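Content type CSV, C-alpha atoms, from the file query26.csv:
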chain,number,residue,atom,x,y,z
A,36,MET,CA,135.7,84.0,127.1
A,37,SER,CA,139.2,85.2,126.6
A,38,ALA,CA,140.0,87.9,124.0
A,39,SER,CA,141.8,85.5,121.7
A,40,LYS,CA,138.9,83.0,121.8
A,41,ALA,CA,136.5,85.8,121.1
A,42,ALA,CA,138.5,86.7,118.0
A,43,ARG,CA,138.4,83.1,116.8
A,44,VAL,CA,134.6,82.9,117.4
A,45,GLY,CA,134.0,86.1,115.5
A,46,GLU,CA,136.2,84.9,112.6
A,47,GLU,CA,134.3,81.6,112.5
A,48,ILE,CA,130.9,83.2,112.4
A,49,TRP,CA,131.9,85.8,109.9
A,50,LYS,CA,133.2,83.0,107.6
A,51,GLY,CA,130.5,80.5,108.0
A,52,ARG,CA,127.2,82.0,109.1
A,53,VAL,CA,126.9,85.5,107.8
A,54,ASP,CA,125.4,86.6,104.5
A,55,LYS,CA,127.6,89.2,102.9
A,56,VAL,CA,126.4,92.3,101.2
A,57,ASN,CA,128.2,94.8,98.9
A,58,ALA,CA,130.1,97.4,100.9
A,59,GLU,CA,129.1,100.2,98.5
A,60,LEU,CA,125.4,99.5,99.2
A,61,VAL,CA,126.1,100.0,102.9
A,62,VAL,CA,128.2,103.1,102.5
A,63,LEU,CA,125.8,104.7,100.1
A,64,THR,CA,122.7,103.9,102.1
A,65,TYR,CA,124.1,105.2,105.3
A,66,GLY,CA,125.5,108.2,103.5
A,67,THR,CA,122.1,109.0,102.1
A,68,ILE,CA,120.5,108.7,105.5
A,69,VAL,CA,123.0,111.1,107.1
A,70,ALA,CA,122.8,113.6,104.3
A,71,GLN,CA,119.0,113.5,104.3
A,72,LEU,CA,119.0,114.1,108.1
A,73,CYS,CA,121.3,117.1,107.6
A,74,LYS,CA,118.9,118.4,105.1
A,75,ASP,CA,115.8,117.7,107.2
A,76,PHE,CA,117.2,119.3,110.2
A,77,ASP,CA,118.6,122.3,108.4
A,78,SER,CA,122.2,121.3,109.3
A,79,ASP,CA,121.4,121.3,113.0
A,80,TYR,CA,124.1,118.7,113.6
A,81,VAL,CA,123.3,118.3,117.2
A,82,GLN,CA,119.9,117.1,116.2
A,83,VAL,CA,121.4,114.9,113.5
A,84,ASN,CA,123.7,113.2,116.0
A,85,LYS,CA,120.7,112.6,118.2
A,86,GLN,CA,118.6,111.1,115.4
A,87,LEU,CA,121.4,108.8,114.4
A,88,ASP,CA,121.8,107.7,117.9
A,89,LYS,CA,118.1,107.0,118.1
A,90,MET,CA,118.1,105.1,114.9
A,91,GLY,CA,121.0,103.0,116.1
A,92,TYR,CA,119.3,102.4,119.4
A,93,ASN,CA,116.3,100.9,117.6
A,94,ILE,CA,118.6,98.8,115.5
A,95,GLY,CA,120.5,97.6,118.6
A,96,LEU,CA,117.3,96.4,120.3
A,97,ARG,CA,116.8,94.0,117.3
A,98,LEU,CA,120.3,93.2,116.3
A,99,ILE,CA,121.1,91.7,119.7
A,100,GLU,CA,118.9,88.7,119.1
A,101,ASP,CA,120.7,88.1,115.8
A,102,TYR,CA,124.0,88.4,117.6
A,103,LEU,CA,123.0,86.0,120.3
A,104,ALA,CA,121.5,83.5,117.8
A,105,LYS,CA,124.5,83.6,115.5
A,106,SER,CA,127.1,83.5,118.2
A,107,ASN,CA,125.2,80.8,120.0
A,108,THR,CA,125.8,82.7,123.3
A,109,MET,CA,124.3,80.8,126.1
A,110,ARG,CA,125.7,82.7,129.1
A,111,ARG,CA,126.3,86.3,129.8
A,112,CYS,CA,129.7,87.9,130.0
A,113,SER,CA,131.2,87.6,133.4
A,114,ASN,CA,132.5,91.2,133.5
A,115,PHE,CA,132.6,94.3,131.5
A,116,ARG,CA,136.0,93.6,130.1
A,117,GLU,CA,134.7,90.4,128.5
A,118,THR,CA,131.7,92.4,127.2
A,119,ALA,CA,134.1,94.9,125.5
A,120,ASP,CA,136.0,92.0,123.9
A,121,MET,CA,132.9,90.4,122.6
A,122,LEU,CA,131.6,93.6,121.2
A,123,ALA,CA,134.7,94.4,119.3
A,124,LYS,CA,135.8,90.9,118.3
A,125,VAL,CA,132.5,89.2,117.7
A,126,GLY,CA,129.8,91.9,117.3
A,127,PHE,CA,131.7,94.3,115.0
A,128,LYS,CA,133.3,91.4,113.3
A,129,ILE,CA,130.2,89.6,112.3
A,130,PHE,CA,128.2,92.6,111.3
A,131,LEU,CA,130.9,94.8,109.7
A,132,ASN,CA,134.0,92.6,109.4
A,133,ILE,CA,136.0,95.1,111.4
A,134,THR,CA,137.6,94.7,114.9
A,135,PRO,CA,138.0,98.0,116.7
A,136,THR,CA,140.7,98.0,119.3
A,137,VAL,CA,139.6,97.9,122.9
A,138,THR,CA,141.8,100.3,124.9
A,139,ASN,CA,142.1,103.1,127.5
A,140,TRP,CA,140.4,101.3,130.3
A,141,THR,CA,139.7,103.3,133.5
A,142,SER,CA,140.9,101.7,136.6
A,143,ASP,CA,137.4,100.8,137.8
A,144,ASN,CA,136.9,98.7,134.6
A,145,LYS,CA,133.8,100.6,133.7
A,146,GLN,CA,135.0,102.7,130.8
A,147,PHE,CA,136.9,101.9,127.7
A,148,SER,CA,137.5,103.2,124.2
A,149,LEU,CA,136.9,101.5,120.9
A,150,VAL,CA,139.4,102.7,118.4
A,151,PHE,CA,138.3,102.2,114.8
A,152,GLU,CA,141.3,101.7,112.5
A,153,GLU,CA,138.8,101.3,109.7
A,154,ASN,CA,135.2,102.3,109.4
A,155,PRO,CA,133.2,101.0,106.5
A,156,LEU,CA,130.5,103.7,107.1
A,157,ALA,CA,132.9,106.5,106.4
A,158,ASP,CA,134.5,105.4,103.2
A,159,PHE,CA,134.5,108.2,100.6
A,160,VAL,CA,133.0,110.6,103.1
A,161,GLU,CA,134.1,114.3,103.4
A,162,LEU,CA,132.1,116.3,105.9
A,163,PRO,CA,130.4,119.5,104.5
A,164,ASP,CA,132.7,122.5,104.8
A,165,ASP,CA,130.2,124.9,106.3
A,166,GLY,CA,132.5,125.5,109.2
A,167,ARG,CA,130.3,123.6,111.7
A,168,ALA,CA,130.0,120.0,110.5
A,169,GLN,CA,133.7,119.5,111.3
A,170,ASP,CA,133.1,120.5,114.9
A,171,GLU,CA,129.5,119.2,115.5
A,172,LEU,CA,128.6,116.2,113.4
A,173,TRP,CA,129.6,112.8,114.5
A,174,TYR,CA,129.1,111.0,111.2
A,175,SER,CA,129.1,107.4,112.6
A,176,ASN,CA,127.0,108.2,115.6
A,177,ILE,CA,124.6,105.4,114.7
A,178,PHE,CA,127.2,103.0,116.3
A,179,CYS,CA,126.7,104.6,119.7
A,180,GLY,CA,123.0,104.0,119.6
A,181,VAL,CA,123.5,100.4,118.4
A,182,LEU,CA,125.7,99.6,121.3
A,183,ARG,CA,123.3,101.3,123.8
A,184,GLY,CA,120.3,99.5,122.4
A,185,ALA,CA,121.9,96.1,122.2
A,186,LEU,CA,123.5,96.2,125.6
A,187,GLU,CA,120.3,97.4,127.2
A,188,MET,CA,118.6,94.3,126.0
A,189,VAL,CA,121.1,92.2,127.9
A,190,GLN,CA,120.7,94.2,131.1
A,191,MET,CA,123.5,96.7,130.8
A,192,GLN,CA,122.9,100.4,130.8
A,193,VAL,CA,125.7,102.1,128.9
A,194,GLU,CA,126.6,105.5,127.6
A,195,ALA,CA,128.5,105.8,124.4
A,196,HIS,CA,129.8,108.7,122.4
A,197,PHE,CA,132.5,109.6,119.9
A,198,ILE,CA,135.5,111.6,121.1
A,199,SER,CA,137.4,111.8,117.9
A,200,ASP,CA,136.9,111.0,114.2
A,201,VAL,CA,139.3,111.0,111.3
A,202,LEU,CA,136.6,112.7,109.3
A,203,ARG,CA,137.1,115.7,111.5
A,204,GLY,CA,140.8,115.7,110.9
A,205,ASN,CA,141.6,113.8,114.2
A,206,ASP,CA,144.3,111.1,114.1
A,207,THR,CA,142.0,108.4,115.2
A,208,THR,CA,138.3,107.5,115.4
A,209,GLU,CA,137.6,106.7,119.0
A,210,MET,CA,134.4,106.0,120.8
A,211,ARG,CA,134.1,106.1,124.6
A,212,VAL,CA,131.8,103.5,126.2
A,213,SER,CA,130.9,103.7,129.9
A,214,LEU,CA,128.9,101.2,131.9
A,215,ILE,CA,126.4,103.0,134.0
A,216,ARG,CA,124.9,100.0,135.7
A,217,TYR,CA,123.7,96.5,135.4
A,218,ILE,CA,120.0,96.4,135.1
A,219,ASP,CA,119.2,93.4,137.4
A,220,ASP,CA,115.6,93.1,138.2
A,221,GLU,CA,115.3,93.7,141.8
A,222,LEU,CA,112.4,92.6,144.0
A,223,PRO,CA,110.5,95.4,145.6
A,224,PRO,CA,111.5,95.7,149.3
A,225,GLU,CA,109.6,93.2,151.4
A,226,ASP,CA,106.9,94.3,153.8
A,227,ASP,CA,107.9,93.7,157.3
B,293,MET,CA,117.9,73.7,137.4
B,294,LYS,CA,115.8,70.9,136.0
B,295,VAL,CA,112.5,70.1,137.4
B,296,PHE,CA,111.3,66.6,136.9
B,297,GLY,CA,108.1,65.4,138.1
B,298,GLU,CA,104.9,63.7,137.3
B,299,ILE,CA,102.3,66.3,137.2
B,300,ARG,CA,99.0,64.8,137.9
B,301,HIS,CA,95.6,66.2,137.4
B,302,GLU,CA,94.9,66.7,141.1
B,303,GLN,CA,98.1,68.7,141.7
B,304,VAL,CA,97.8,71.0,138.8
B,305,LYS,CA,94.3,72.1,139.4
B,306,ILE,CA,95.6,75.2,141.1
B,307,GLY,CA,92.3,77.1,141.1
B,308,GLY,CA,90.3,74.4,142.7
B,309,GLU,CA,86.6,74.0,141.8
B,310,SER,CA,86.1,77.7,141.2
B,311,GLY,CA,89.3,78.1,139.1
B,312,LYS,CA,87.7,77.7,135.7
B,313,ALA,CA,90.6,79.3,133.9
B,314,TYR,CA,93.0,76.7,135.2
B,315,SER,CA,90.9,73.6,134.9
B,316,SER,CA,91.8,73.1,131.3
B,317,LEU,CA,95.5,73.1,132.0
B,318,ARG,CA,95.5,69.5,133.2
B,319,SER,CA,98.5,67.9,131.6
B,320,THR,CA,96.5,64.9,130.5
B,321,ASP,CA,94.2,67.1,128.5
B,322,LEU,CA,96.8,69.2,126.6
B,323,PHE,CA,98.0,66.5,124.2
B,324,SER,CA,95.9,63.5,124.6
B,325,ALA,CA,96.3,62.1,121.1
B,326,ALA,CA,99.0,59.5,121.7
B,327,ALA,CA,99.7,58.9,118.0
B,328,ILE,CA,101.0,62.4,117.5
B,329,MET,CA,104.7,62.6,117.8
B,330,GLY,CA,107.5,65.0,117.7
B,331,ILE,CA,107.4,68.7,118.4
B,332,LEU,CA,103.9,69.5,119.4
B,333,ALA,CA,103.7,73.1,120.2
B,334,LEU,CA,105.6,76.4,120.7
B,335,ILE,CA,104.8,79.2,123.0
B,336,VAL,CA,106.8,82.4,123.2
B,337,ILE,CA,106.6,84.7,126.2
B,338,ASN,CA,108.0,88.2,126.3
B,339,LYS,CA,110.1,89.5,129.2
B,340,ALA,CA,107.1,90.9,130.9
B,341,GLY,CA,105.3,87.6,131.0
B,342,GLY,CA,102.9,88.3,128.1
B,343,LEU,CA,102.1,85.7,125.6
B,344,ILE,CA,103.4,86.8,122.2
B,345,TYR,CA,103.1,83.6,120.2
B,346,ASN,CA,101.5,80.2,120.3
B,347,ARG,CA,101.1,77.5,117.8
B,348,THR,CA,100.4,73.8,117.8
B,349,PHE,CA,101.9,71.5,115.1
B,350,GLY,CA,99.9,68.7,113.7
B,351,ASP,CA,96.2,67.8,113.7
B,352,GLY,CA,94.2,66.4,116.5
B,353,LEU,CA,96.0,68.3,119.2
B,354,ASN,CA,94.0,69.9,122.0
B,355,GLN,CA,93.7,73.6,121.8
B,356,LEU,CA,93.3,75.8,124.8
B,357,GLY,CA,91.2,78.9,124.6
B,358,THR,CA,93.0,82.2,123.9
B,359,ASN,CA,92.4,83.3,127.5
B,360,ASP,CA,93.8,80.1,128.8
B,361,TYR,CA,97.0,80.5,126.8
B,362,LEU,CA,97.4,84.0,128.2
B,363,VAL,CA,96.9,82.7,131.8
B,364,LEU,CA,99.3,79.8,131.1
B,365,ALA,CA,102.0,82.3,129.8
B,366,GLY,CA,101.6,84.6,132.8
B,367,THR,CA,101.6,81.7,135.3
B,368,PHE,CA,104.6,80.1,133.7
B,369,HIS,CA,106.5,83.3,133.8
B,370,GLY,CA,105.7,83.7,137.5
B,371,VAL,CA,106.6,80.1,138.3
B,372,HIS,CA,109.9,80.5,136.4
B,373,ALA,CA,110.7,83.6,138.4
B,374,ILE,CA,110.1,81.6,141.6
B,375,THR,CA,112.3,78.7,140.5
B,376,THR,CA,115.2,81.1,139.9
B,377,ARG,CA,115.1,81.8,143.6
B,378,LEU,CA,114.8,78.2,144.8
B,379,SER,CA,118.5,77.2,144.6
B,380,PRO,CA,119.8,76.5,148.1
B,381,ILE,CA,123.4,77.1,146.8
B,382,LYS,CA,124.6,80.7,147.2
B,383,PRO,CA,125.9,82.2,144.0
B,384,GLN,CA,129.6,82.6,144.2
B,385,GLN,CA,131.3,85.8,143.6
B,386,GLN,CA,133.7,85.0,140.7
B,387,VAL,CA,137.0,86.7,140.4
B,388,GLY,CA,138.5,86.5,136.9
B,389,ALA,CA,142.1,85.8,136.2
B,390,ASP,CA,142.8,89.5,135.9
B,391,GLY,CA,141.4,90.1,139.4
B,392,ILE,CA,138.3,91.9,138.3
B,393,PRO,CA,135.3,90.9,140.3
B,394,GLY,CA,132.9,89.2,137.9
B,395,ARG,CA,129.3,89.2,137.4
B,396,PRO,CA,127.9,85.8,138.6
B,397,ASP,CA,125.8,83.9,136.2
B,398,PRO,CA,122.1,84.4,136.9
B,399,PRO,CA,120.2,81.4,138.2
B,400,SER,CA,118.7,79.6,135.3
B,401,GLY,CA,115.4,78.7,136.7
B,402,LEU,CA,113.1,76.0,135.3
B,403,GLU,CA,114.4,74.5,132.1
B,404,VAL,CA,112.6,71.2,131.7
B,405,LEU,CA,109.3,70.0,132.8
B,406,GLU,CA,108.4,66.4,132.2
B,407,THR,CA,105.1,64.7,132.5
B,408,GLU,CA,103.7,61.3,131.5
B,409,ASN,CA,102.5,62.7,128.2
B,410,PHE,CA,104.7,65.5,127.1
B,411,TRP,CA,108.0,67.2,127.7
B,412,LEU,CA,108.3,70.9,128.0
B,413,GLN,CA,111.6,72.6,127.4
B,414,CYS,CA,112.0,76.2,128.3
B,415,PHE,CA,114.7,78.4,126.7
B,416,ASN,CA,115.2,81.7,128.4
B,417,THR,CA,117.2,84.0,126.1
B,418,LEU,CA,119.7,86.5,127.5
B,419,THR,CA,117.2,89.2,126.6
B,420,GLY,CA,114.5,87.6,128.7
B,421,THR,CA,112.3,86.1,126.0
B,422,LYS,CA,111.1,82.6,126.8
B,423,PHE,CA,110.6,79.9,124.2
B,424,LEU,CA,108.6,76.9,125.4
B,425,LEU,CA,108.7,73.8,123.2
B,426,PHE,CA,106.3,71.0,123.9
B,427,THR,CA,107.3,67.7,122.6
B,428,ASP,CA,106.4,64.1,123.1
B,429,THR,CA,108.5,62.3,125.8
B,430,LEU,CA,110.7,60.5,123.2
B,431,GLN,CA,111.8,63.5,121.2
B,432,THR,CA,115.5,63.8,121.0
B,433,ASN,CA,117.7,66.9,120.2
B,434,VAL,CA,115.2,69.3,121.6
B,435,ASP,CA,118.1,71.7,122.1
B,436,ILE,CA,118.9,71.8,118.4
B,437,ALA,CA,115.3,72.4,117.5
B,438,MET,CA,115.2,75.2,120.1
B,439,ARG,CA,118.3,76.9,118.6
B,440,LYS,CA,116.7,76.7,115.2
B,441,VAL,CA,113.5,78.3,116.4
B,442,TYR,CA,115.5,81.1,118.0
B,443,ASP,CA,117.4,81.6,114.7
B,444,LEU,CA,114.1,81.9,112.9
B,445,TYR,CA,112.8,84.3,115.5
B,446,ALA,CA,116.0,86.4,115.2
B,447,ASP,CA,115.7,86.5,111.5
B,448,TYR,CA,112.0,86.7,110.6
B,449,VAL,CA,110.6,88.4,113.7
B,450,THR,CA,113.1,90.9,115.1
B,451,LYS,CA,114.5,91.9,111.8
B,452,ASN,CA,111.1,92.6,110.4
B,453,PRO,CA,111.0,96.4,110.8
B,454,PHE,CA,107.3,96.5,111.2
B,455,TYR,CA,107.2,94.0,114.0
B,456,GLN,CA,107.0,95.9,117.3
B,457,LEU,CA,109.2,94.4,119.9
B,458,GLU,CA,107.5,92.7,122.9
B,459,ASN,CA,104.2,92.6,121.0
B,460,PRO,CA,102.3,89.5,119.6
B,461,ILE,CA,104.1,88.0,116.7
B,462,ARG,CA,102.2,88.3,113.5
B,463,CYS,CA,104.8,87.5,110.9
B,464,ASP,CA,103.7,85.2,108.0
B,465,THR,CA,107.2,84.3,107.0
B,466,PHE,CA,108.1,83.3,110.5
B,467,ASP,CA,104.9,81.1,110.6
B,468,ARG,CA,105.8,79.5,107.2
B,469,LYS,CA,109.5,78.9,108.0
B,470,LEU,CA,108.6,77.5,111.4
B,471,ASN,CA,106.0,75.2,110.1
B,472,SER,CA,108.2,73.8,107.4
B,473,TYR,CA,111.1,73.3,109.8
B,474,ILE,CA,108.9,71.5,112.4
B,475,ARG,CA,107.3,69.4,109.7
B,476,GLU,CA,110.7,68.4,108.4
B,477,THR,CA,111.9,67.5,111.9
B,478,ASN,CA,108.8,65.6,112.8
B,479,ASN,CA,108.7,63.7,109.5
B,480,ALA,CA,112.3,62.7,109.9
B,481,ARG,CA,111.4,60.5,112.9

Mind converting the file's structure to structure tokens?
Amino acid sequence: MSASKAARVGEEIWKGRVDKVNAELVVLTYGTIVAQLCKDFDSDYVQVNKQLDKMGYNIGLRLIEDYLAKSNTMRRCSNFRETADMLAKVGFKIFLNITPTVTNWTSDNKQFSLVFEENPLADFVELPDDGRAQDELWYSNIFCGVLRGALEMVQMQVEAHFISDVLRGNDTTEMRVSLIRYIDDELPPEDD
Amino acid sequence: MKVFGEIRHEQVKIGGESGKAYSSLRSTDLFSAAAIMGILALIVINKAGGLIYNRTFGDGLNQLGTNDYLVLAGTFHGVHAITTRLSPIKPQQQVGADGIPGRPDPPSGLEVLETENFWLQCFNTLTGTKFLLFTDTLQTNVDIAMRKVYDLYADYVTKNPFYQLENPIRCDTFDRKLNSYIRETNNAR
């Protein structure tokens, strides 16, 4: 599916098939979770990032079925570029009504960046000024887990992490996604 | 790939005389009540070949024993895997317009199985879960029913935080929604 068609599909599903929820509810709920994790782990932000990723992973495992059902996807993406477009223009669109920009491809077509011009999770947020959060906490790290979980369910092992975040004072919010491998079930080698 | 064929009693008795577990799988036994119409049963098989859901819709349908359902699910899973490898046509390496080598579509495997008494449609989701709908042979729009069942599954099963993925589905809301949808569809005929 071409990028422009993906955008159209995303728009259509968002308009017609998705129940909307108040944005503040999402922002506050997510904010509470992150704040509580910071408290529980005594501001060990590395741990907090890890927990957020884990929570996202568990969401992704489930969310993928909803994505497939809503988008009526009957066939898998024919390459990783298509996967990236579908993620950004259909996935993020129908669940968050945002379309991050897909960019910075490596030449082997296995790594790209998602640049978030807007991020509904991070509205109103200021990171704690304890001197470490700005350097260690990836506030929206749950996204990385969601992508990892969802793509794993459709036979793609990926690695995702943030490399910049406007909350930290960077110019952009950018996530790096790399395809590690396609998980195709392989038959055990035959006995000769 | 679509497999059409009359499955007769003699051919299906895989286990022979000693194969007790299989003997009740004869197609003629499964849904013998001719008066019952529409969507007759649903089976869901997880990606490992385990049975996670089975229901029949309507009265007077033959029920298999729990063990038989488990065997049926596992066997179907295996047969499905075999049918994905039967295609004599080599998958072609697709190259997209932008010159990136593509990932060929996986072979679909068995999608439909038709017998004298019932029609079995298999929907293999991209995550590997299989939905098997048994209908009478005159049922139309099985695809639409299948999508609806998948929608219900996505909503009321996977979004239930206490449902453990890949495990047997015990979700009352799913049962209720499914039943009312099937009843509606069957009554509309």

Mind giving me the straight-line distance from CA of Tyr345 in chain B to CA of Asn459 in chain B in Å, one decimal?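 CA of Asn459 in chain B lies 9.1 Å from CA of Tyr345 in chain B.
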
Minimum-distance residue to Asp443 in chain B, chosen among B:Thr407, B:Thr427, B:Gln456, B:Thr417 (using only C-alpha atoms):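 The closest residue to Asp443 in chain B is B:Thr417.
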
Chain A near chain B within 10 Å: what's each residue's closest atom pair and its distance in Å to one decimal, counting all atoms listed in the file, ordered by chain then ascending residue number, as CSV?
residue,atom,partner,partner_atom,distance
A:Asn93,CA,B:Pro453,CA,9.7
A:Ile94,CA,B:Lys451,CA,8.8
A:Leu96,CA,B:Leu457,CA,8.4
A:Arg97,CA,B:Thr450,CA,5.3
A:Leu98,CA,B:Lys451,CA,7.5
A:Ile99,CA,B:Thr419,CA,8.3
A:Glu100,CA,B:Ala446,CA,5.4
A:Asp101,CA,B:Ala446,CA,5.0
A:Tyr102,CA,B:Ala446,CA,8.6
A:Leu103,CA,B:Leu418,CA,7.9
A:Ala104,CA,B:Asp443,CA,5.5
A:Lys105,CA,B:Asp443,CA,7.4
A:Asn107,CA,B:Arg439,CA,8.0
A:Thr108,CA,B:Leu418,CA,8.3
A:Met109,CA,B:Leu418,CA,7.5
A:Arg110,CA,B:Asp397,CA,7.2
A:Arg111,CA,B:Asp397,CA,6.9
A:Cys112,CA,B:Arg395,CA,7.5
A:Ser113,CA,B:Arg395,CA,4.7
A:Asn114,CA,B:Gly394,CA,4.8
A:Phe115,CA,B:Gly394,CA,8.2
A:Arg116,CA,B:Ile392,CA,8.7
A:Glu117,CA,B:Gly394,CA,9.6
A:Asp143,CA,B:Ile392,CA,9.0
A:Asn144,CA,B:Ile392,CA,7.9
A:Ala185,CA,B:Thr419,CA,9.4
A:Leu186,CA,B:Thr419,CA,9.5
A:Glu187,CA,B:Thr419,CA,8.8
A:Met188,CA,B:Thr419,CA,5.3
A:Val189,CA,B:Thr419,CA,5.1
A:Gln190,CA,B:Thr419,CA,7.6
A:Tyr217,CA,B:Arg395,CA,9.4
A:Asp219,CA,B:Pro398,CA,9.5

Counting only C-alpha atoms, which residues have an atom no more than 7 Å from (133.5, 114.1, 111.0) in the file's coordinates? Please list them as a ChimeraX atom specification. /A:162,168-169,172-174,200-203

Have a look at CA of Gly341 in chain B and CA of Met329 in chain B and let me know their distance in Å, one decimal. 28.3 Å

Can you report as JSON the centre and edge lengths in Å, to one decimal, of an axis-aligned box around the listed atoms of range 349-367 of chain B padded with 5 Å on each side?
{"center_x": 96.6, "center_y": 75.5, "center_z": 124.5, "size_x": 20.8, "size_y": 28.2, "size_z": 31.6}

Export range 354-369 of chain B of the preceding structure, keeping N, CA and C atoms, as a PDB file, in the first residue's frame.
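Done, and the output landed in part.pdb:
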ATOM      1  N   ASN B 354     -24.758 -31.856  17.113  1.00  0.00           N
ATOM      2  CA  ASN B 354     -23.903 -32.840  17.757  1.00  0.00           C
ATOM      3  C   ASN B 354     -22.729 -32.158  18.440  1.00  0.00           C
ATOM      4  N   GLN B 355     -22.412 -32.620  19.604  1.00  0.00           N
ATOM      5  CA  GLN B 355     -21.261 -32.091  20.310  1.00  0.00           C
ATOM      6  C   GLN B 355     -20.182 -33.157  20.330  1.00  0.00           C
ATOM      7  N   LEU B 356     -18.970 -32.724  20.157  1.00  0.00           N
ATOM      8  CA  LEU B 356     -17.863 -33.654  20.352  1.00  0.00           C
ATOM      9  C   LEU B 356     -17.436 -33.577  21.808  1.00  0.00           C
ATOM     10  N   GLY B 357     -16.717 -34.580  22.245  1.00  0.00           N
ATOM     11  CA  GLY B 357     -16.159 -34.509  23.591  1.00  0.00           C
ATOM     12  C   GLY B 357     -15.051 -33.473  23.625  1.00  0.00           C
ATOM     13  N   THR B 358     -14.741 -33.002  24.813  1.00  0.00           N
ATOM     14  CA  THR B 358     -13.695 -31.983  24.943  1.00  0.00           C
ATOM     15  C   THR B 358     -12.388 -32.451  24.325  1.00  0.00           C
ATOM     16  N   ASN B 359     -12.069 -33.702  24.607  1.00  0.00           N
ATOM     17  CA  ASN B 359     -10.823 -34.250  24.094  1.00  0.00           C
ATOM     18  C   ASN B 359     -10.811 -34.268  22.564  1.00  0.00           C
ATOM     19  N   ASP B 360     -11.979 -34.608  21.996  1.00  0.00           N
ATOM     20  CA  ASP B 360     -12.066 -34.655  20.542  1.00  0.00           C
ATOM     21  C   ASP B 360     -11.859 -33.279  19.926  1.00  0.00           C
ATOM     22  N   TYR B 361     -12.398 -32.265  20.599  1.00  0.00           N
ATOM     23  CA  TYR B 361     -12.198 -30.902  20.093  1.00  0.00           C
ATOM     24  C   TYR B 361     -10.716 -30.539  20.105  1.00  0.00           C
ATOM     25  N   LEU B 362     -10.048 -30.932  21.182  1.00  0.00           N
ATOM     26  CA  LEU B 362      -8.613 -30.637  21.282  1.00  0.00           C
ATOM     27  C   LEU B 362      -7.849 -31.328  20.154  1.00  0.00           C
ATOM     28  N   VAL B 363      -8.220 -32.578  19.919  1.00  0.00           N
ATOM     29  CA  VAL B 363      -7.555 -33.337  18.854  1.00  0.00           C
ATOM     30  C   VAL B 363      -7.856 -32.704  17.504  1.00  0.00           C
ATOM     31  N   LEU B 364      -9.121 -32.311  17.327  1.00  0.00           N
ATOM     32  CA  LEU B 364      -9.525 -31.687  16.076  1.00  0.00           C
ATOM     33  C   LEU B 364      -8.703 -30.419  15.815  1.00  0.00           C
ATOM     34  N   ALA B 365      -8.557 -29.594  16.861  1.00  0.00           N
ATOM     35  CA  ALA B 365      -7.819 -28.340  16.711  1.00  0.00           C
ATOM     36  C   ALA B 365      -6.368 -28.612  16.328  1.00  0.00           C
ATOM     37  N   GLY B 366      -5.751 -29.517  17.064  1.00  0.00           N
ATOM     38  CA  GLY B 366      -4.352 -29.836  16.797  1.00  0.00           C
ATOM     39  C   GLY B 366      -4.166 -30.408  15.408  1.00  0.00           C
ATOM     40  N   THR B 367      -5.072 -31.300  15.031  1.00  0.00           N
ATOM     41  CA  THR B 367      -4.974 -31.937  13.722  1.00  0.00           C
ATOM     42  C   THR B 367      -5.171 -30.910  12.612  1.00  0.00           C
ATOM     43  N   PHE B 368      -6.180 -30.064  12.804  1.00  0.00           N
ATOM     44  CA  PHE B 368      -6.432 -29.043  11.789  1.00  0.00           C
ATOM     45  C   PHE B 368      -5.217 -28.136  11.620  1.00  0.00           C
ATOM     46  N   HIS B 369      -4.636 -27.774  12.755  1.00  0.00           N
ATOM     47  CA  HIS B 369      -3.456 -26.915  12.725  1.00  0.00           C
ATOM     48  C   HIS B 369      -2.347 -27.554  11.884  1.00  0.00           C
TER      49      HIS B 369
END
